[in-house]
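Structure first, commentary second.
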Amino acid sequence: MSVEQERDKAAASRARENVFAGIDIDRMAERRDDRLWVEETERAQGTRFLILDSEGQAFVTQDADAPQWMSPAMRGERFGDVPSTLLGLADGRAWFALVLDEAHAALFQGMTGARRMSLREAGLLFDAFDAGLFAFAKGVTHWQRQTRFCTLCGSPTVVVAAGHRVQCTNPDGAHLHFPRTDAAIIVIVEHGDTCLLGRQRGWPAGRYSTLAGFIEPGESLEDAVKREVREESGVEVLHATYHSSQPWPLPASLMVGFTAVAKTREIHLRDDELEDARWFTVDDIVQGMASGTLGVPPPLSVSYRLIEHWLGLRGVSLAELIASAPKR
């Protein structure tokens with residue numbers, strides 16, 4: 001295997017380990033307009049429906065941290081008037097999402113005893129497939145709610161293509177709208193034996209994280225890394241290397257992770273995004289976490305994975321540091 005192939009394989013493996021990125025599903029985009037196939041698939045015995053409320057929370061089982069699936073039989077008997085969104089095929093069955101209004105939600109909870117859980121909480125508790133499916137469902141149904149009117153003429157829209165497009169009802173245009181994802185970079189910057197971390201106002205005391213920001217129009221990912229780091233910390237980045245990506249439908253982002261090398265260690269906070277930024281050695285992180293004066297983001301975020309990666313290259317396990325740190 002060539003160096004390039006090894007590198008690409010490692011990057012693909014890293015991405016699969018990110019929370020919400022562990023879903024292996026055939027999204028069946030080519031069948032979304034086939035209404036007969038979609039309707040038949042909804043009724044298939046093995047099909048399962050992931051249930052969300054109007055705020056995007058998932059219904060989970062009463063006694064376990066797992067989704068409370070709805071069967072086609074229950075859907076047909078009590079919830080047949082609720083439109084579904086096709087998520088895809090995996091594990092020999094089809095997966096759909098249903099968004100329930102409060103009346104339907106109360107009925108479903110009464111029938112199953114299910115409770116509600118946010119995506120942030122589920123990301124730390126669900127297995128990789130269920131967390132990824134929830135993220136997919138939350139992202140696409142949030143977009144549906146936000147696209148109820150045509151952005152070109154203001155007319156109402158209707159959801160088509162099994163949930164993956166909305167169409168303007170104005171017969172003069174009938175414009176189609178497609179789901180949007182807002183890309184953002186997130187980066188761990190290094191210089192020699194140190195890495196750059198910052199903190200925002202309002203974060204828990206002592207928490208530091210990698211720097212991040214949204215991509216601007218006409219900007220490459222690499223240029224966004226350089227601009228965001230410069231704007232937030234004043235640090236000049238020489239070059240950036242892709243690490244991994246993570247769906248982040250909170251509400252509609254994709255986090256693209258990088259490692260980067262800085263020209264110097266000069267810090268000048270510029271845009272008031274950060275309360276503080278500083279360079280940390282491995283010993284700074286180890287000692288800070290051991291004393292309880294330093295905290296890092298939870299494993300939910302790709303920021304955690306970037307810090308984990310940087311420490312791992314230097315022979316230090318972030319998971320072990322967290323396990324031995326005092327409770328914050």
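In the structure tokens, each chain is lettered A, B, ... as it comes, each chain's residues begin at 1, and ligands are numbered from 1 in order of appearance.
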
Close residues, A:Asp65 itself excluded, 8 Å, only C-alpha atoms, min 4 positions apart in chain, as a short mmCIF file (atom, residue, chain, number, x, y, z; two decimals) with C-alpha atoms, in the first residue's frame:
```cif
data_model
loop_
_atom_site.label_atom_id
_atom_site.label_comp_id
_atom_site.auth_asym_id
_atom_site.auth_seq_id
_atom_site.Cartn_x
_atom_site.Cartn_y
_atom_site.Cartn_z
CA VAL A 60 -36.22 6.49 23.52
CA THR A 61 -37.12 3.38 25.44
CA ALA A 122 -27.98 10.65 22.52
CA LEU A 125 -25.30 7.22 24.84
CA PHE A 126 -26.57 5.64 21.61
#
```

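Shortest atom-to-atom contact with A:Pro326 among A:Gln57, A:Gln287, A:Thr281, A:Gln200: A:Gln287, counting only C-alpha atoms.
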
A:Val38 surroundings by only C-alpha atoms, 9 Å radius, close-in-sequence under 6 positions cut, as a count of residues only: 4

Filtered DSSP result for stretch 126-260 of chain A, state helix (DSSP H, G or I), as number ranges by chain: A: 128-146, 161-163, 221-233

Export of prior selection with C-alpha atoms as a PDB file, in the first residue's frame:
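Output contents, as saved in again38.pdb:
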```
ATOM      1  CA  ALA A 128     -22.855   4.484  16.477  1.00  0.00           C
ATOM      2  CA  PHE A 129     -25.609   3.497  14.036  1.00  0.00           C
ATOM      3  CA  ASP A 130     -28.488   4.821  16.146  1.00  0.00           C
ATOM      4  CA  ALA A 131     -26.657   8.095  16.857  1.00  0.00           C
ATOM      5  CA  GLY A 132     -25.886   8.583  13.165  1.00  0.00           C
ATOM      6  CA  LEU A 133     -29.466   7.799  12.158  1.00  0.00           C
ATOM      7  CA  PHE A 134     -30.797  10.282  14.715  1.00  0.00           C
ATOM      8  CA  ALA A 135     -28.421  12.967  13.423  1.00  0.00           C
ATOM      9  CA  PHE A 136     -29.517  12.293   9.830  1.00  0.00           C
ATOM     10  CA  ALA A 137     -33.191  12.440  10.770  1.00  0.00           C
ATOM     11  CA  LYS A 138     -32.832  15.577  12.871  1.00  0.00           C
ATOM     12  CA  GLY A 139     -30.896  17.392  10.169  1.00  0.00           C
ATOM     13  CA  VAL A 140     -33.277  16.677   7.303  1.00  0.00           C
ATOM     14  CA  THR A 141     -36.477  17.275   9.305  1.00  0.00           C
ATOM     15  CA  HIS A 142     -35.104  20.544  10.699  1.00  0.00           C
ATOM     16  CA  TRP A 143     -34.502  21.676   7.128  1.00  0.00           C
ATOM     17  CA  GLN A 144     -38.083  20.725   6.234  1.00  0.00           C
ATOM     18  CA  ARG A 145     -39.430  22.893   9.065  1.00  0.00           C
ATOM     19  CA  GLN A 146     -37.236  25.814   8.011  1.00  0.00           C
ATOM     20  CA  ALA A 161     -39.046  13.086  -2.799  1.00  0.00           C
ATOM     21  CA  ALA A 162     -39.707  11.110   0.400  1.00  0.00           C
ATOM     22  CA  GLY A 163     -38.681  14.127   2.474  1.00  0.00           C
ATOM     23  CA  LEU A 221     -11.440  24.904   3.554  1.00  0.00           C
ATOM     24  CA  GLU A 222      -7.718  25.538   3.930  1.00  0.00           C
ATOM     25  CA  ASP A 223      -8.149  29.289   3.555  1.00  0.00           C
ATOM     26  CA  ALA A 224     -10.927  29.207   6.134  1.00  0.00           C
ATOM     27  CA  VAL A 225      -8.541  27.547   8.590  1.00  0.00           C
ATOM     28  CA  LYS A 226      -5.997  30.312   8.100  1.00  0.00           C
ATOM     29  CA  ARG A 227      -8.583  33.100   8.321  1.00  0.00           C
ATOM     30  CA  GLU A 228     -10.420  31.801  11.384  1.00  0.00           C
ATOM     31  CA  VAL A 229      -7.242  31.142  13.359  1.00  0.00           C
ATOM     32  CA  ARG A 230      -5.887  34.572  12.427  1.00  0.00           C
ATOM     33  CA  GLU A 231      -9.178  36.345  13.239  1.00  0.00           C
ATOM     34  CA  GLU A 232      -9.662  34.662  16.597  1.00  0.00           C
ATOM     35  CA  SER A 233      -6.099  34.436  17.908  1.00  0.00           C
TER      36      SER A 233
END
```
